[in-house]
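Q: Below is one structure. I have some questions about it.
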Amino acid sequence: MQTRVLGKDLSVSAVGLGCMGFSHGYGKPTEEKQAVLMLRQAVEMGYTFFDTAEVYGTSEDPHINEQLVGEALSPVRNQVVIATKFGLRFDFESGKVPLPLIPDSRPEAIKKSVEGSLKRLNTDHIDLYFQHRIDPKVSPEEVAGVMADLIREGKITHWGISEANEEYLRRANAVCPVTAVQNRYSMMARQYESLFPVLEELGVGFVAFSPMANGLLTGRYGKDDTFDPQYDYRAGMPQFTDEAMDQNRQLLALLHKMAEEKDATPAQISLAWMLCKKPWIVPIPGTRKTERMNENAKASEVSLTPAEVLALDEALDTMEMSAVFGGTPCKAKKMDTQTSK
């Protein structure tokens, strides 16, 4: 697979693997041995970038995803880049699905998290350590200061911010250079394109999660598909309702048409569209099927011209489409922007 550089010097495969779905959010967790096998198969396919988090798991074992990634990649640790995250915990007492998230980026919480992640990942360093969500009670300068300490200690080599905005990114980057922002991005969720000029200015990479709108843009789902509400968050996502399938008919037709022209699949077109926008965008689609993993990897071989990307953008700007899942809500107050300027 082709490679890309995030930030100044972090080389990763052009398409990364989002590992969350093996344990969390997209159905009953994959059997552990099977998940480890698939992760090792991903390495053989050319994936070198693997994304996990300390909260990707189940109520019985909330940290299982990091353990799976650690077990699978230990034999090839020096050949891969592992990203994990700190700063979130689930509100298991709410009784809601999806579970609400509580941000916690206090320095003491970060230091505890990094030690746990290093142990579970069976490694002496984390290649890319993301703040999972902004904590409104902790300033970006304080978080960045902790990241600088962890880099000096050799526990992490690069850091990033998930769901970052411009102000937070600039303030954090001024204290400790940020390697990447990881934000939701797809043909149905383009709000963070406004951040692209800032990323270019600062030399920060963009890691796109949910690049296929939680699977809708694969073109493989219709009105007859249902999801287990106990294990699969798609059961409550607006883009998978019958009404949404009607609203998104034009979008899916556009994907199928372009896929036919490029001898590709709709999933590959949805990834190639962002890969061909900027050389520092790296999508991290997740899957629990080997054939889909291989299909996603080959999206890096699909070439779209600037004119074709622009035509897709213009079509997306004007067509009807449904609401799309925007993330699990965090229970927190707004950040005091007057602190630690």
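Quick note on naming: the chains in the structure tokens go A, B, ... in the order shown, residues restart at 1 in each chain, and ligands are numbered from 1 in order of appearance.
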Within 8 Å of range 276-294 of chain A, which residues of range 182-258 of chain A come that close, and what is the closest atom pair and distance in Å for each? Count only C-alpha atoms and give it as a tab-separated table.
A:
residue	atom	partner	partner_atom	distance
A:Val204	CA	A:Trp280	CA	8.0
A:Gly205	CA	A:Trp280	CA	5.1
A:Phe206	CA	A:Ile281	CA	4.8
A:Val207	CA	A:Val282	CA	4.8
A:Ala208	CA	A:Pro283	CA	4.4
A:Phe209	CA	A:Ile284	CA	5.5
A:Ser210	CA	A:Pro285	CA	6.3
A:Pro211	CA	A:Pro285	CA	6.1
A:Met212	CA	A:Pro285	CA	7.2
Q: Mind checking which residues fall within 10 Å of Phe227 in chain A, counting only C-alpha atoms, ignoring those fewer than 2 positions away in the same chain, and posting them as a PyMOL selection string?
A: chain A and resi 26-27+225+229-236+240
Q: Please, could you write that set of residues out with C-alpha atoms as an mmCIF file, in the first residue's frame?
A:
data_model
loop_
_atom_site.group_PDB
_atom_site.id
_atom_site.type_symbol
_atom_site.label_atom_id
_atom_site.label_comp_id
_atom_site.auth_asym_id
_atom_site.auth_seq_id
_atom_site.Cartn_x
_atom_site.Cartn_y
_atom_site.Cartn_z
ATOM 1 C CA TYR A 26 -20.866 -2.665 15.348
ATOM 2 C CA GLY A 27 -22.376 -5.882 16.594
ATOM 3 C CA ASP A 225 -31.360 -4.434 6.904
ATOM 4 C CA PRO A 229 -29.785 -2.610 19.339
ATOM 5 C CA GLN A 230 -27.862 -4.294 22.161
ATOM 6 C CA TYR A 231 -24.548 -4.424 20.317
ATOM 7 C CA ASP A 232 -24.833 -2.341 17.165
ATOM 8 C CA TYR A 233 -25.057 1.454 17.374
ATOM 9 C CA ARG A 234 -26.317 1.601 13.782
ATOM 10 C CA ALA A 235 -29.727 0.544 15.120
ATOM 11 C CA GLY A 236 -30.146 4.116 16.306
ATOM 12 C CA PHE A 240 -30.159 3.728 8.307
#
Q: Write down as a PyMOL selection string the residues of range 31-228 of chain A whose backbone DSSP state falls under alpha helix (DSSP H).
A: chain A and resi 32-45+64-73+107-120+140-153+166-175+196-202
Q: Give one line per residue of range 178-290 of chain A that approaches range 125-129 of chain A to at most 12 Å, naming the two atoms of the closest pair and their distance in Å to one decimal, counting only C-alpha atoms; sort by chain then ascending residue number and deliver it as JSON lines.
A:
{"residue": "A:Val178", "atom": "CA", "partner": "A:Leu128", "partner_atom": "CA", "distance": 9.9}
{"residue": "A:Thr179", "atom": "CA", "partner": "A:Leu128", "partner_atom": "CA", "distance": 8.0}
{"residue": "A:Ala180", "atom": "CA", "partner": "A:Leu128", "partner_atom": "CA", "distance": 8.4}
{"residue": "A:Val181", "atom": "CA", "partner": "A:Leu128", "partner_atom": "CA", "distance": 10.6}
{"residue": "A:Gln182", "atom": "CA", "partner": "A:Tyr129", "partner_atom": "CA", "distance": 10.8}
{"residue": "A:Gly205", "atom": "CA", "partner": "A:Leu128", "partner_atom": "CA", "distance": 11.6}
{"residue": "A:Val207", "atom": "CA", "partner": "A:Leu128", "partner_atom": "CA", "distance": 11.2}
Q: Can you spit out the residues from that selection as a compact mmCIF listing (two decimals), in the first residue's frame, using N, CA and C atoms?
A:
# COMPACT_ATOMS: atom_id res chain seq x y z
N VAL A 178 1.33 19.45 17.32
CA VAL A 178 0.34 18.39 17.09
C VAL A 178 0.64 17.71 15.77
N THR A 179 0.62 16.38 15.76
CA THR A 179 0.90 15.62 14.54
C THR A 179 -0.34 15.42 13.69
N ALA A 180 -1.48 15.19 14.33
CA ALA A 180 -2.70 14.90 13.55
C ALA A 180 -3.94 15.26 14.34
N VAL A 181 -4.96 15.61 13.59
CA VAL A 181 -6.31 15.77 14.11
C VAL A 181 -7.11 14.58 13.60
N GLN A 182 -7.90 13.98 14.47
CA GLN A 182 -8.76 12.87 14.04
C GLN A 182 -10.21 13.30 14.23
N GLY A 205 -1.59 16.64 10.14
CA GLY A 205 -2.32 15.67 9.33
C GLY A 205 -3.76 15.53 9.78
N VAL A 207 -6.73 12.60 10.19
CA VAL A 207 -7.16 11.20 10.22
C VAL A 207 -8.67 11.19 10.23
Q: Skip Ala299 in chain A itself and residues of its chain fewer than 2 positions away, then list as a PyMOL selection string all residues within 6 Å of it, counting only C-alpha atoms.
A: chain A and resi 268+272+296-297+301-302
Q: Keeping N, CA and C atoms for every residue in the selection just given, could you write it to a file as a short mmCIF file (atom, residue, chain, number, x, y, z; two decimals), in the first residue's frame?
A:
data_model
loop_
_atom_site.label_atom_id
_atom_site.label_comp_id
_atom_site.auth_asym_id
_atom_site.auth_seq_id
_atom_site.Cartn_x
_atom_site.Cartn_y
_atom_site.Cartn_z
N GLN A 268 -14.74 2.10 -2.17
CA GLN A 268 -13.45 2.60 -2.62
C GLN A 268 -13.54 4.03 -3.13
N ALA A 272 -11.41 7.07 -1.88
CA ALA A 272 -10.55 7.74 -2.86
C ALA A 272 -10.88 9.22 -2.95
N ASN A 296 -10.85 -2.07 1.13
CA ASN A 296 -10.53 -0.72 1.60
C ASN A 296 -9.07 -0.37 1.34
N ALA A 297 -8.19 -1.34 1.54
CA ALA A 297 -6.77 -1.09 1.30
C ALA A 297 -6.52 -0.69 -0.15
N GLU A 301 -5.36 2.80 -4.49
CA GLU A 301 -4.93 2.65 -5.88
C GLU A 301 -5.92 3.31 -6.85
N VAL A 302 -7.06 3.78 -6.33
CA VAL A 302 -8.06 4.42 -7.18
C VAL A 302 -7.71 5.89 -7.33
#
Q: May I have the residues within 12 Å of Thr30 in chain A as JSON, numbers by chain, using only C-alpha atoms and disregarding those fewer than 4 positions away in the same chain?
A: {"A": [19, 20, 21, 22, 23, 24, 25, 26, 34, 35, 36, 37, 38, 39, 57, 58, 64, 65, 68, 231, 287, 288, 289]}
Q: Output the selection as a PDB file, in the first residue's frame - C-alpha atoms for each residue.
A:
ATOM      1  CA  CYS A  19     -10.011  -1.368  15.172  1.00  0.00           C
ATOM      2  CA  MET A  20     -12.989  -0.336  17.321  1.00  0.00           C
ATOM      3  CA  GLY A  21     -15.533  -2.532  15.553  1.00  0.00           C
ATOM      4  CA  PHE A  22     -13.854  -5.753  16.623  1.00  0.00           C
ATOM      5  CA  SER A  23     -14.998  -5.063  20.172  1.00  0.00           C
ATOM      6  CA  HIS A  24     -17.476  -2.245  20.240  1.00  0.00           C
ATOM      7  CA  GLY A  25     -20.336  -0.526  18.460  1.00  0.00           C
ATOM      8  CA  TYR A  26     -20.866  -2.665  15.348  1.00  0.00           C
ATOM      9  CA  GLN A  34     -10.429 -14.281  14.998  1.00  0.00           C
ATOM     10  CA  ALA A  35      -9.816 -10.598  15.714  1.00  0.00           C
ATOM     11  CA  VAL A  36      -6.104 -11.214  16.288  1.00  0.00           C
ATOM     12  CA  LEU A  37      -5.914 -13.215  13.057  1.00  0.00           C
ATOM     13  CA  MET A  38      -7.584 -10.443  11.067  1.00  0.00           C
ATOM     14  CA  LEU A  39      -5.284  -7.794  12.495  1.00  0.00           C
ATOM     15  CA  GLY A  57     -14.607  -2.514  24.595  1.00  0.00           C
ATOM     16  CA  THR A  58     -17.601  -3.917  26.411  1.00  0.00           C
ATOM     17  CA  ILE A  64     -10.338  -5.365  25.366  1.00  0.00           C
ATOM     18  CA  ASN A  65      -9.653  -3.617  22.057  1.00  0.00           C
ATOM     19  CA  LEU A  68      -6.347  -7.413  21.015  1.00  0.00           C
ATOM     20  CA  TYR A 231     -24.548  -4.424  20.317  1.00  0.00           C
ATOM     21  CA  THR A 287     -14.448  -3.709   9.238  1.00  0.00           C
ATOM     22  CA  ARG A 288     -14.857  -7.213  10.596  1.00  0.00           C
ATOM     23  CA  LYS A 289     -14.532  -8.960   7.229  1.00  0.00           C
TER      24      LYS A 289
END
Q: With only C-alpha atoms as the counted atoms, please give the residues lying no more than 12 Å from range 70-73 of chain A, apart from itself and same-chain residues fewer than 5 positions off, as a CSV table (one decimal) with C-alpha atoms, in the first residue's frame.
A:
chain,number,residue,atom,x,y,z
A,19,CYS,CA,-10.0,-1.4,15.2
A,32,GLU,CA,-10.7,-12.8,20.2
A,33,LYS,CA,-8.6,-15.3,18.2
A,34,GLN,CA,-10.4,-14.3,15.0
A,35,ALA,CA,-9.8,-10.6,15.7
A,36,VAL,CA,-6.1,-11.2,16.3
A,37,LEU,CA,-5.9,-13.2,13.1
A,38,MET,CA,-7.6,-10.4,11.1
A,39,LEU,CA,-5.3,-7.8,12.5
A,40,ARG,CA,-2.3,-9.9,11.4
A,41,GLN,CA,-3.8,-10.3,8.0
A,42,ALA,CA,-4.1,-6.5,7.8
A,43,VAL,CA,-0.4,-6.2,8.2
A,44,GLU,CA,0.1,-8.7,5.4
A,47,TYR,CA,-1.7,-1.8,6.6
A,48,THR,CA,0.8,-0.1,8.9
A,49,PHE,CA,-1.5,2.2,10.8
A,50,PHE,CA,-3.8,0.8,13.5
A,51,ASP,CA,-6.2,2.9,15.6
A,52,THR,CA,-7.7,1.9,18.9
A,53,ALA,CA,-8.6,3.5,22.2
A,54,GLU,CA,-8.8,2.6,25.9
A,63,HIS,CA,-10.2,-2.2,27.5
A,64,ILE,CA,-10.3,-5.4,25.4
A,65,ASN,CA,-9.7,-3.6,22.1
A,78,ASN,CA,8.6,-2.2,14.8
A,79,GLN,CA,6.8,-2.3,11.4
A,80,VAL,CA,3.5,-0.6,12.5
A,81,VAL,CA,2.2,2.6,13.9
A,82,ILE,CA,-0.3,2.3,16.8
A,83,ALA,CA,-2.6,5.1,17.7
A,84,THR,CA,-4.6,5.0,20.9
A,116,GLY,CA,-2.6,1.3,31.3
A,117,SER,CA,-2.5,1.6,27.5
A,118,LEU,CA,1.2,0.8,27.3
A,119,LYS,CA,0.6,-2.3,29.4
A,120,ARG,CA,-2.4,-3.5,27.4
A,121,LEU,CA,-0.7,-2.8,24.0
A,122,ASN,CA,2.4,-4.6,25.2
A,123,THR,CA,4.7,-1.9,24.1
A,124,ASP,CA,7.2,0.6,25.5
A,125,HIS,CA,5.8,3.6,23.5
A,126,ILE,CA,2.7,4.8,21.8
Q: Please measure the separation of CA of Ala164 in chain A and CA of Val324 in chain A, giving the value in Å to one decimal.
A: 19.1 Å
Q: Using only C-alpha atoms, which protein or nucleic acid residues come within 10 Å of Gln247 in chain A? Drop anything in the same chain fewer than 5 positions from it, and give the result as a ChimeraX atom specification.
A: /A:239,241-242,252,319-323
Q: Store the residues picked out above in a file with N, CA and C atoms, as a JSON list (two decimals), in the first residue's frame.
A:
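And here's part38.json as it stands now:
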[["chain", "number", "residue", "atom", "x", "y", "z"],
["A", 239, "GLN", "N", -29.13, 7.62, 9.46],
["A", 239, "GLN", "CA", -28.93, 7.32, 8.04],
["A", 239, "GLN", "C", -29.37, 5.92, 7.64],
["A", 241, "THR", "N", -32.44, 4.56, 8.61],
["A", 241, "THR", "CA", -33.89, 4.41, 8.64],
["A", 241, "THR", "C", -34.43, 4.23, 7.21],
["A", 242, "ASP", "N", -35.64, 3.73, 7.10],
["A", 242, "ASP", "CA", -36.25, 3.55, 5.77],
["A", 242, "ASP", "C", -36.37, 4.89, 5.05],
["A", 252, "LEU", "N", -26.23, 7.51, -3.26],
["A", 252, "LEU", "CA", -25.75, 6.16, -3.53],
["A", 252, "LEU", "C", -25.65, 5.89, -5.04],
["A", 319, "MET", "N", -27.22, 18.01, -3.50],
["A", 319, "MET", "CA", -28.18, 16.90, -3.45],
["A", 319, "MET", "C", -28.78, 16.72, -2.06],
["A", 320, "GLU", "N", -29.96, 16.13, -2.06],
["A", 320, "GLU", "CA", -30.62, 15.80, -0.80],
["A", 320, "GLU", "C", -29.92, 14.60, -0.18],
["A", 321, "MET", "N", -29.75, 14.66, 1.13],
["A", 321, "MET", "CA", -29.29, 13.48, 1.86],
["A", 321, "MET", "C", -29.82, 13.56, 3.28],
["A", 322, "SER", "N", -29.87, 12.42, 3.92],
["A", 322, "SER", "CA", -30.44, 12.36, 5.27],
["A", 322, "SER", "C", -29.48, 12.91, 6.30],
["A", 323, "ALA", "N", -29.98, 13.03, 7.51],
["A", 323, "ALA", "CA", -29.10, 13.28, 8.64],
["A", 323, "ALA", "C", -28.18, 12.08, 8.80]]
Q: Residues within 9 Å of Tyr168 in chain A, please, as a PyMOL selection string. Count only C-alpha atoms; anything in the same chain fewer than 5 positions from it doesn't count.
A: chain A and resi 134+139-141+173
Q: What does the distance from CA of Asn165 in chain A to CA of Leu88 in chain A come to in Å, to one decimal?
A: 17.5 Å
Q: Would you give me, as number ranges by chain, the residues in range 29-181 of chain A that DSSP reads as strand (DSSP E)?
A: A: 49-51, 81-86, 88-90, 101-103, 128-131, 159-162, 180-181
Q: Could you please determine the separation between CA of Ala148 in chain A and CA of Leu10 in chain A in Å, to one decimal place?
A: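 Atom-to-atom, CA of Ala148 in chain A to CA of Leu10 in chain A, that is 16.6 Å.
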Q: Which is closer to Val5 in chain A than all the others in A:Asp91, A:Gly219, A:Gly203, A:Thr157, using only C-alpha atoms?
A: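 Result for the nearest residue to Val5 in chain A: A:Gly203.
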Q: Counting only C-alpha atoms, which of A:Leu169, A:Leu251, A:Gly327, A:Pro100 gets nearest to Glu201 in chain A?
A: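 Answer, going by the shortest atom-to-atom distance: A:Leu169.
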